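Structure file final04.cif (mmCIF, C-alpha atoms) is printed below.
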data_run
loop_
_atom_site.label_atom_id
_atom_site.label_comp_id
_atom_site.auth_asym_id
_atom_site.auth_seq_id
_atom_site.Cartn_x
_atom_site.Cartn_y
_atom_site.Cartn_z
CA MET D 212 189.59 -13.81 -17.76
CA GLU D 213 187.27 -16.12 -15.83
CA VAL D 214 186.85 -15.18 -12.18
CA ASP D 215 186.16 -17.85 -9.60
CA THR D 216 182.84 -17.29 -7.80
CA GLN D 217 182.30 -18.34 -4.20
CA HIS D 218 178.79 -18.92 -2.89
CA TYR D 219 177.60 -18.28 0.68
CA ASP D 220 174.32 -18.44 2.51
CA ASP D 221 174.96 -15.01 4.02
CA ILE D 222 177.39 -12.15 3.35
CA ILE D 223 177.89 -9.25 5.73
CA ILE D 224 179.53 -6.13 4.31
CA GLY D 225 181.12 -4.18 7.15
CA GLY D 226 182.06 -5.38 10.61
CA GLY D 227 180.50 -2.78 12.88
CA LYS D 228 178.58 -3.70 16.00
CA ALA D 229 175.68 -5.27 14.11
CA GLY D 230 177.79 -7.07 11.53
CA LYS D 231 180.45 -8.46 13.85
CA THR D 232 177.76 -9.76 16.24
CA LEU D 233 175.53 -11.17 13.53
CA ALA D 234 178.28 -13.15 11.78
CA PRO D 235 179.01 -15.63 14.62
CA ALA D 236 175.28 -16.04 15.26
CA LEU D 237 174.67 -17.01 11.63
CA VAL D 238 177.60 -19.43 11.68
CA ALA D 239 176.31 -21.00 14.90
CA ASP D 240 172.95 -21.49 13.18
CA GLY D 241 174.64 -23.48 10.41
CA HIS D 242 174.92 -20.78 7.76
CA LYS D 243 177.98 -20.51 5.54
CA THR D 244 178.79 -16.86 6.24
CA ALA D 245 181.37 -14.36 5.02
CA LEU D 246 182.14 -10.99 6.57
CA VAL D 247 183.88 -8.43 4.35
CA GLU D 248 185.71 -5.60 6.12
CA ARG D 249 187.59 -2.96 4.14
CA SER D 250 190.51 -2.57 6.56
CA LEU D 251 192.24 -4.41 9.38
CA ASN D 252 192.32 -1.03 11.13
CA MET D 253 188.52 -1.03 11.23
CA ILE D 254 188.01 -4.51 12.65
CA GLY D 255 185.25 -4.20 15.22
CA GLY D 256 183.71 -1.16 13.55
CA GLY D 257 183.63 2.56 14.16
CA CYS D 258 182.82 2.42 17.87
CA ILE D 259 186.08 0.86 18.99
CA ASN D 260 188.32 2.41 16.31
CA ILE D 261 187.23 5.98 15.61
CA ALA D 262 184.31 6.82 17.89
CA CYS D 263 183.09 5.68 21.30
CA ILE D 264 186.15 3.96 22.73
CA PRO D 265 188.92 6.34 21.62
CA THR D 266 186.96 9.51 22.38
CA LYS D 267 185.92 8.37 25.84
CA THR D 268 189.51 7.30 26.55
CA MET D 269 190.60 10.86 25.78
CA VAL D 270 187.66 12.30 27.75
CA ALA D 271 188.99 10.36 30.76
CA SER D 272 192.43 11.94 30.34
CA ALA D 273 190.88 15.40 30.09
CA SER D 274 188.88 14.73 33.25
CA VAL D 275 192.07 13.88 35.15
CA ALA D 276 193.71 17.10 33.94
CA ASN D 277 190.69 19.09 35.08
CA THR D 278 190.66 17.43 38.50
CA VAL D 279 194.34 18.19 39.05
CA ARG D 280 193.87 21.78 37.88
CA ASN D 281 191.06 22.29 40.42
CA SER D 282 192.43 20.10 43.21
CA ALA D 283 192.85 23.04 45.62
CA ALA D 284 189.06 23.26 45.92
CA TYR D 285 189.17 19.80 47.52
CA GLY D 286 191.94 20.71 49.94
CA VAL D 287 194.61 19.00 47.84
CA LYS D 288 197.58 21.01 46.62
CA ALA D 289 198.99 19.92 43.27
CA ASN D 290 201.12 21.51 40.60
CA THR D 291 199.47 22.85 37.47
CA PRO D 292 199.01 19.84 35.17
CA ILE D 293 201.21 19.49 32.12
CA VAL D 294 199.32 17.63 29.42
CA ASN D 295 201.50 15.54 27.11
CA LEU D 296 199.09 15.05 24.23
CA ALA D 297 201.39 12.53 22.54
CA GLU D 298 201.13 10.29 25.62
CA VAL D 299 197.36 10.80 25.77
CA ILE D 300 197.15 9.68 22.14
CA GLN D 301 199.42 6.70 22.77
CA ARG D 302 197.19 5.59 25.64
CA LYS D 303 194.19 5.91 23.34
CA ARG D 304 195.92 3.83 20.67
CA SER D 305 196.74 1.10 23.17
CA VAL D 306 193.13 0.86 24.33
CA VAL D 307 191.89 0.74 20.72
CA GLN D 308 194.49 -1.83 19.67
CA SER D 309 193.55 -4.12 22.54
CA ALA D 310 189.85 -3.99 21.60
CA ARG D 311 190.64 -4.45 17.91
CA GLU D 312 192.78 -7.53 18.56
CA MET D 313 190.04 -9.06 20.69
CA ASN D 314 187.48 -8.48 17.94
CA LEU D 315 189.81 -9.89 15.30
CA HIS D 316 190.35 -13.03 17.38
CA ASN D 317 186.60 -13.49 17.86
CA LEU D 318 185.85 -13.08 14.14
CA GLU D 319 188.67 -15.35 13.00
CA THR D 320 187.53 -18.00 15.47
CA ALA D 321 183.94 -17.84 14.20
CA LEU D 322 184.59 -17.35 10.48
CA ASP D 323 187.98 -18.93 9.88
CA ASN D 324 188.97 -18.02 6.28
CA ASN D 325 185.65 -16.32 5.62
CA LEU D 326 186.73 -13.06 7.25
CA ILE D 327 187.73 -11.19 4.10
CA ILE D 328 189.69 -7.92 4.18
CA GLY D 329 188.88 -5.90 1.08
CA GLU D 330 186.65 -3.31 -0.61
CA ALA D 331 183.24 -4.66 -1.61
CA ARG D 332 180.98 -3.43 -4.39
CA PHE D 333 177.81 -4.83 -5.87
CA VAL D 334 177.80 -6.21 -9.40
CA ALA D 335 174.26 -7.63 -9.14
CA PRO D 336 171.55 -7.79 -6.43
CA LYS D 337 173.00 -10.95 -4.84
CA MET D 338 176.59 -10.65 -6.06
CA ILE D 339 179.56 -8.57 -4.90
CA ALA D 340 183.13 -8.16 -6.07
CA VAL D 341 185.77 -7.81 -3.36
CA THR D 342 189.10 -6.21 -4.18
CA THR D 343 191.91 -7.16 -1.86
CA GLU D 344 195.64 -6.65 -2.43
CA GLY D 345 195.13 -6.14 -6.14
CA ASN D 346 193.02 -9.26 -6.61
CA THR D 347 189.27 -9.47 -7.12
CA ARG D 348 187.00 -12.17 -5.75
CA VAL D 349 183.34 -12.56 -6.67
CA LEU D 350 180.97 -13.66 -3.92
CA THR D 351 177.28 -14.53 -4.12
CA ALA D 352 174.76 -15.15 -1.36
CA GLU D 353 171.08 -15.71 -0.70
CA ARG D 354 171.09 -12.87 1.84
CA LEU D 355 173.30 -9.82 2.25
CA PHE D 356 173.60 -7.42 5.19
CA ILE D 357 175.12 -3.95 4.72
CA ASN D 358 176.80 -2.50 7.82
CA THR D 359 179.36 -0.07 6.41
CA GLY D 360 178.78 2.85 8.78
CA THR D 361 179.54 6.52 8.29
CA ARG D 362 182.41 9.00 8.03
CA PRO D 363 182.80 12.69 8.93
CA LEU D 364 180.64 14.96 6.79
CA ILE D 365 182.64 17.71 5.07
CA PRO D 366 180.50 20.75 4.24
CA SER D 367 180.86 22.84 1.11
CA ILE D 368 182.54 26.03 2.35
CA PRO D 369 184.64 28.28 0.07
CA GLY D 370 188.34 27.78 0.80
CA LEU D 371 187.90 24.78 3.10
CA ALA D 372 189.59 22.41 0.65
CA GLU D 373 192.67 24.66 0.62
CA VAL D 374 193.35 24.53 4.36
CA GLU D 375 194.42 21.77 6.70
CA PHE D 376 191.46 20.99 8.90
CA LEU D 377 190.70 18.28 11.44
CA THR D 378 187.82 15.81 11.64
CA SER D 379 186.60 13.79 14.60
CA GLU D 380 189.02 11.09 13.45
CA SER D 381 192.19 13.04 12.66
CA ILE D 382 191.98 15.18 15.81
CA MET D 383 192.56 12.01 17.81
CA GLU D 384 195.97 11.64 16.17
CA LEU D 385 197.27 15.11 17.11
CA GLU D 386 200.41 14.98 19.23
CA HIS D 387 200.66 18.67 20.08
CA LEU D 388 197.98 20.74 21.78
CA PRO D 389 196.27 23.38 19.63
CA GLU D 390 196.80 26.90 20.91
CA HIS D 391 193.32 27.89 19.74
CA LEU D 392 190.93 25.21 18.48
CA ILE D 393 187.97 26.41 16.44
CA VAL D 394 185.15 23.86 16.43
CA LEU D 395 182.74 24.08 13.52
CA GLY D 396 179.60 22.39 14.80
CA SER D 397 177.72 22.64 18.10
CA GLY D 398 176.25 19.16 18.28
CA TYR D 399 177.30 16.13 20.31
CA ILE D 400 180.62 15.53 18.56
CA GLY D 401 181.73 19.16 18.58
CA LEU D 402 180.84 19.75 22.23
CA GLU D 403 182.62 16.64 23.50
CA PHE D 404 185.85 17.62 21.74
CA ALA D 405 185.43 21.26 22.77
CA GLN D 406 185.35 20.46 26.48
CA MET D 407 188.05 17.81 26.13
CA PHE D 408 190.58 20.13 24.50
CA ARG D 409 189.68 23.05 26.72
CA ARG D 410 190.50 20.86 29.72
CA PHE D 411 193.74 19.80 28.05
CA GLY D 412 194.62 23.51 27.97
CA SER D 413 193.67 24.78 24.49
CA GLY D 414 191.66 27.90 23.84
CA VAL D 415 188.37 26.80 22.25
CA THR D 416 185.70 28.59 20.21
CA VAL D 417 182.56 26.77 19.05
CA ILE D 418 180.67 27.93 15.97
CA GLY D 419 177.04 26.89 15.54
CA GLN D 420 174.60 27.64 12.75
CA SER D 421 171.50 27.68 14.94
CA GLU D 422 170.64 30.06 17.73
CA GLN D 423 171.23 27.33 20.32
CA ILE D 424 173.69 24.49 20.72
CA LEU D 425 172.40 20.93 20.30
CA SER D 426 170.10 22.38 17.66
CA GLN D 427 168.64 19.06 16.56
CA GLN D 428 167.13 18.63 19.99
CA ASP D 429 163.95 20.06 21.43
CA SER D 430 163.78 23.50 22.95
CA ASP D 431 164.23 21.45 26.10
CA THR D 432 167.06 19.44 24.51
CA ALA D 433 165.14 16.22 24.07
CA LEU D 434 165.07 15.34 27.72
CA PRO D 435 162.18 12.89 28.16
CA ALA D 436 158.91 13.86 29.74
CA ALA D 437 158.99 10.85 32.08
CA MET D 438 162.61 10.82 33.17
CA ARG D 439 165.29 13.51 33.11
CA TYR D 440 168.59 14.45 34.67
CA ILE D 441 168.93 18.21 34.99
CA ILE D 442 172.41 19.74 34.90
CA LYS D 443 171.19 23.05 36.22
CA ALA D 444 167.55 24.00 36.60
CA GLU D 445 165.47 26.61 38.35
CA SER D 446 164.46 25.40 41.80
CA TYR D 447 161.16 25.72 43.59
CA ALA D 448 160.30 25.24 47.23
CA ARG D 449 156.60 24.52 47.30
CA ARG D 450 153.76 23.23 45.18
CA GLY D 451 150.61 24.99 44.01
CA ALA D 452 150.92 28.17 41.96
CA ARG D 453 154.72 28.02 41.79
CA ARG D 454 154.58 24.48 40.44
CA LYS D 455 152.11 25.52 37.75
CA THR D 456 154.43 28.30 36.66
CA VAL D 457 157.32 25.90 36.29
CA LEU D 458 155.22 23.49 34.23
CA HIS D 459 153.97 26.31 32.02
CA ASN D 460 157.47 27.58 31.35
CA SER D 461 159.19 24.20 31.09
CA GLY D 462 159.39 24.34 27.32
CA LYS D 463 160.81 27.85 27.40
CA ARG D 464 163.70 27.25 29.72
CA CYS D 465 166.13 25.56 27.43
CA ILE D 466 168.40 22.95 28.96
CA ALA D 467 170.71 23.63 26.04
CA ILE D 468 171.37 27.02 27.63
CA ALA D 469 172.38 25.26 30.83
CA VAL D 470 174.83 23.10 28.88
CA GLN D 471 176.24 26.16 27.15
CA THR D 472 176.60 27.97 30.47
CA LEU D 473 178.41 24.98 31.91
CA LEU D 474 180.86 24.91 29.01
CA GLU D 475 181.36 28.67 29.16
CA GLN D 476 182.36 28.24 32.80
CA ASP D 477 185.10 25.94 31.48
CA GLY D 478 186.29 28.86 29.33
CA ILE D 479 184.78 27.82 25.99
CA GLU D 480 183.52 30.66 23.77
CA PHE D 481 180.50 30.35 21.47
CA LEU D 482 179.48 32.02 18.22
CA LEU D 483 175.90 30.98 17.47
CA LYS D 484 173.53 31.75 14.63
CA ALA D 485 176.71 31.98 12.61
CA LYS D 486 177.53 31.10 9.00
CA VAL D 487 181.09 30.53 7.82
CA LEU D 488 181.49 32.49 4.59
CA ARG D 489 185.06 31.53 3.80
CA VAL D 490 188.13 29.79 5.19
CA ASP D 491 191.67 30.91 4.37
CA PRO D 492 195.15 29.81 5.46
CA THR D 493 197.69 32.30 6.75
CA GLY D 494 201.04 30.90 7.84
CA ASN D 495 200.33 28.31 10.50
CA GLU D 496 196.91 29.78 11.28
CA THR D 497 193.45 29.43 9.78
CA ILE D 498 191.20 32.44 9.27
CA LEU D 499 187.41 32.19 9.10
CA GLN D 500 185.15 34.91 7.74
CA ILE D 501 181.87 34.52 9.62
CA GLN D 502 178.43 36.08 9.29
CA VAL D 503 176.89 36.55 12.73
CA GLY D 504 173.51 38.20 12.52
CA ASP D 505 173.94 41.37 10.47
CA ARG D 506 177.69 41.67 10.93
CA GLU D 507 180.78 39.97 9.57
CA ILE D 508 183.64 39.01 11.86
CA THR D 509 187.05 37.43 11.39
CA LEU D 510 188.15 34.58 13.61
CA GLN D 511 191.68 33.19 13.65
CA GLY D 512 192.79 29.89 15.16
CA SER D 513 195.68 27.48 15.12
CA HIS D 514 193.45 24.47 14.33
CA LEU D 515 190.01 23.96 12.80
CA LEU D 516 187.84 20.96 13.71
CA VAL D 517 184.97 20.26 11.30
CA ALA D 518 182.27 18.43 13.29
CA VAL D 519 178.98 19.03 11.49
CA GLY D 520 177.68 15.48 11.20
CA ARG D 521 178.26 12.15 9.50
CA ALA D 522 177.96 10.95 5.90
CA PRO D 523 177.11 7.36 4.87
CA ASN D 524 179.75 5.01 3.45
CA THR D 525 177.68 4.02 0.43
CA GLU D 526 179.40 5.69 -2.52
CA SER D 527 181.84 2.83 -3.20
CA LEU D 528 179.25 0.05 -2.83
CA ASN D 529 177.78 0.55 -6.32
CA LEU D 530 174.29 0.15 -4.89
CA ALA D 531 172.78 0.96 -8.27
CA ALA D 532 173.94 -2.44 -9.55
CA ALA D 533 171.84 -4.07 -6.84
CA GLY D 534 168.94 -1.63 -7.19
CA VAL D 535 169.13 -0.68 -3.50
CA ALA D 536 167.41 2.64 -2.82
CA THR D 537 168.98 5.47 -0.83
CA ASP D 538 167.68 8.80 0.39
CA THR D 539 168.93 12.19 -0.80
CA ARG D 540 171.85 12.06 1.65
CA GLY D 541 172.96 8.60 0.55
CA PHE D 542 171.65 6.60 3.53
CA ILE D 543 170.08 3.26 2.64
CA GLN D 544 166.31 3.22 3.00
CA VAL D 545 164.83 0.39 5.09
CA ASN D 546 161.47 -0.60 6.50
CA ASP D 547 160.67 -1.33 10.15
CA ARG D 548 162.31 -4.75 9.82
CA LEU D 549 165.51 -3.22 8.38
CA GLU D 550 164.80 -4.64 4.92
CA THR D 551 165.82 -2.63 1.86
CA ASN D 552 163.65 -2.40 -1.24
CA ILE D 553 165.47 -5.45 -2.63
CA PRO D 554 164.35 -8.78 -1.09
CA GLY D 555 167.19 -10.53 0.69
CA ILE D 556 169.21 -7.37 1.40
CA TRP D 557 169.18 -5.63 4.79
CA ALA D 558 170.95 -2.49 6.08
CA LEU D 559 172.08 -2.31 9.71
CA GLY D 560 173.55 0.34 11.95
CA ASP D 561 174.37 3.94 11.00
CA ILE D 562 174.14 3.26 7.26
CA ASN D 563 170.32 3.01 7.35
CA GLY D 564 169.87 6.58 8.53
CA GLY D 565 168.58 5.75 12.00
CA PRO D 566 170.00 7.02 15.30
CA GLN D 567 173.78 6.75 15.12
CA TYR D 568 174.53 4.88 18.33
CA THR D 569 176.34 1.59 18.93
CA HIS D 570 173.44 0.28 20.99
CA ILE D 571 171.09 0.91 18.05
CA SER D 572 173.38 -1.12 15.81
CA LEU D 573 173.32 -3.89 18.41
CA ASP D 574 169.54 -3.79 18.54
CA ASP D 575 169.45 -3.99 14.74
CA TYR D 576 171.38 -7.26 15.12
CA ARG D 577 168.83 -8.47 17.69
CA ILE D 578 166.00 -7.77 15.24
CA ILE D 579 167.70 -9.70 12.44
CA LYS D 580 168.56 -12.61 14.72
CA ALA D 581 165.03 -12.81 16.11
CA ASN D 582 163.40 -12.68 12.68
CA LEU D 583 165.74 -14.79 10.56
CA ILE D 584 167.07 -17.32 13.06
CA HIS D 585 164.22 -17.63 15.55
CA GLY D 586 161.26 -16.94 13.24
CA GLY D 587 160.14 -13.86 15.16
CA ASN D 588 158.55 -10.62 14.05
CA ARG D 589 160.59 -7.89 15.69
CA SER D 590 160.88 -4.38 14.30
CA ILE D 591 162.23 -0.96 15.17
CA ARG D 592 158.76 0.35 16.00
CA ASP D 593 158.40 1.82 19.47
CA ARG D 594 161.93 1.01 20.61
CA LEU D 595 163.26 3.44 23.20
CA VAL D 596 166.55 5.06 22.25
CA PRO D 597 168.80 6.16 25.13
CA SER D 598 171.26 8.91 24.31
CA CYS D 599 174.11 10.56 26.17
CA LEU D 600 176.31 13.60 25.64
CA PHE D 601 179.66 12.76 27.25
CA ILE D 602 180.56 16.15 28.60
CA ASP D 603 181.14 16.52 32.32
CA PRO D 604 178.60 16.11 33.81
CA GLU D 605 176.91 13.90 31.23
CA LEU D 606 173.54 14.76 29.76
CA ALA D 607 171.36 11.70 29.11
CA HIS D 608 167.83 11.03 27.97
CA VAL D 609 165.52 8.26 26.85
CA GLY D 610 162.00 8.17 25.48
CA LEU D 611 159.75 10.91 24.14
CA THR D 612 160.69 14.56 24.48
CA GLU D 613 158.17 17.04 25.85
CA THR D 614 157.43 18.30 22.35
CA GLU D 615 156.99 14.79 20.95
CA ALA D 616 154.74 13.77 23.85
CA GLN D 617 152.55 16.84 23.41
CA GLN D 618 152.36 16.32 19.64
CA GLN D 619 151.17 12.76 20.24
CA GLY D 620 148.44 13.97 22.56
CA TYR D 621 149.83 12.86 25.91
CA ALA D 622 149.02 14.76 29.08
CA ILE D 623 152.43 15.24 30.67
CA ARG D 624 153.86 16.29 34.00
CA VAL D 625 157.32 17.77 34.35
CA ALA D 626 159.48 17.33 37.43
CA LYS D 627 162.65 19.38 37.89
CA VAL D 628 165.24 19.15 40.63
CA ASP D 629 167.97 21.67 41.24
CA ALA D 630 171.29 19.79 41.23
CA SER D 631 172.35 21.81 44.28
CA ALA D 632 169.57 20.03 46.21
CA VAL D 633 171.30 16.67 45.65
CA PRO D 634 173.86 16.23 48.44
CA ARG D 635 176.22 14.05 46.43
CA ALA D 636 176.25 16.53 43.55
CA GLU D 637 176.91 19.39 45.98
CA ASN D 638 179.75 17.53 47.68
CA THR D 639 181.52 16.45 44.50
CA ARG D 640 181.14 19.48 42.29
#
For this file, produce the structure as structure tokens.
Amino acid sequence: MEVDTQHYDDIIIGGGKAGKTLAPALVADGHKTALVERSLNMIGGGCINIACIPTKTMVASASVANTVRNSAAYGVKANTPIVNLAEVIQRKRSVVQSAREMNLHNLETALDNNLIIGEARFVAPKMIAVTTEGNTRVLTAERLFINTGTRPLIPSIPGLAEVEFLTSESIMELEHLPEHLIVLGSGYIGLEFAQMFRRFGSGVTVIGQSEQILSQQDSDTALPAAMRYIIKAESYARRGARRKTVLHNSGKRCIAIAVQTLLEQDGIEFLLKAKVLRVDPTGNETILQIQVGDREITLQGSHLLVAVGRAPNTESLNLAAAGVATDTRGFIQVNDRLETNIPGIWALGDINGGPQYTHISLDDYRIIKANLIHGGNRSIRDRLVPSCLFIDPELAHVGLTETEAQQQGYAIRVAKVDASAVPRAENTR
């Protein structure tokens, strides 16, 4: 059967931050542009639907619960908070729905009928087939931009497939508080959910493979040499010899330990340098057999959250038909200008294996716009990447870490300030 083929100047696959921002810019520049998004529930991308916006909405609810629980310290008497998780989730859904509708309106206004809801796969380097509601459309373009994002990574652990476990997406649809939440993963995602649910009232245990949390960071947790916010640090009163000692030991005192201590004060327990050997169901509980050092322990919880990273959404794209190269994890390989190995195809946002932040995806858009619309020569070289862990208080950094600066031959100075020396921090803690 002959299939009708539609031709465009540009096709964007995936409507994350880069894709949804790039599409109107291309249209405004006179390009016939199509944006293909696999689901109406993902309009606007991962940030507003399954990541930044919903998680921070729930973080805000957890913060309120924590403030009420500790209100007596501020001279305010309040009853012990009762967290209705179903209402927390409904509030989250409302916030997400509002953002999604706004994004849908913006895209429909810019693209008209060229916003296509369906699953895209390559059939040739400049040709894709889009399946939507049982029908298939074939689209071709001079240029294609892949912005399909990532999904929760599920590790290969014996027994895991036989139990009901949560991911960073499904945990935000729970309507009843876990009695004991086990968090597998001690990185950014795991720690944010750990503190959130602890403040909602769940017991929480975090399991990490490395000997410290935030293991992908420096020994000083990637806080920049030039600018840092210290949650808790050793204080010093005078310069001279004492200052030299602090500088000498700065790489040894791990800010990750300060973060862990902070979370332990919230009542979160940690099992580090741990390997999960097996997962088994038992009634309504989940049992984990764990190797910790030279001993095996058994840990039982009501819910298991798997938060060990993100995997690229490339498997359904049939990239082999286009000849687009990926790395061993499935992320699309790009150069400094975000170009793949196939001329006329770019990869933007999380899918290209770079830092997985919304602002990076937005900057990817800026690079494409500058180069293709304005004739510039922008690249990802030397861009500063701000990062934040949204626990309370937040941990943020930007620029080189101490280790990176030293490896690149910079002479660095380290300044540390005890948070207790900051009057506002002391008065609001």
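Minimum atom-to-atom distance to Val545 of chain D, evaluated using only C-alpha atoms, belongs to D:Leu559 out of D:Leu559, D:Ile368, D:Leu385, D:Leu237.
Atom CA of Phe356 of chain D is positioned 17.6 Å from atom CA of Ser250 of chain D.
The spacing separating atom CA of Gly534 of chain D from atom CA of Lys337 of chain D amounts to 10.4 Å.
Excluding Gln406 of chain D itself and same-chain residues fewer than 5 positions from it, the residues having an atom within 10 Å of it are D:Val270, D:Ala273, D:Ser274, D:Gly401, D:Phe411, D:Gly412, D:Ser413, D:Val415, D:Leu473, D:Leu474, D:Glu475, D:Asp477, D:Gly478, D:Ile479, D:Phe601, D:Ile602, D:Asp603, counting only C-alpha atoms.
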Draw an axis-aligned box over all listed atoms of segment 606-624 of chain D, pad each side with 8 Å, and write its centre and edge lengths in Å, one decimal, as lines of an AutoDock Vina configuration file.
center_x = 161.0
center_y = 13.2
center_z = 26.8
size_x = 41.1
size_y = 26.1
size_z = 30.4
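Protein, DNA and RNA residues at most 10 Å from (180.2, -2.1, 5.4), with all atoms listed in the file, are these: Ile223, Ile224, Gly225, Gly226, Gly227, Gly230, Leu246, Val247, Glu248, Arg249, Gly256, Glu330, Ala331, Arg332, Phe356, Ile357, Asn358, Thr359, Gly360, Thr361, Pro523, Asn524, Thr525, Leu528, Ala558, Leu559, Gly560 and Ile562 of chain D.
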Fill in: Expansion of the PyMOL selection byres ((chain D and resi 533) around 8) into residues, as an NGL selection string
:D and (333-337 or 529-532 or 534-535 or 553)
Worksheet item: Could you spell out the hits of the PyMOL selection byres ((chain D and resi 573) around 12) on the shown file, as a ChimeraX atom specification?
Response: /D:226-233,256,258,358,559-561,566-572,574-580,591,596
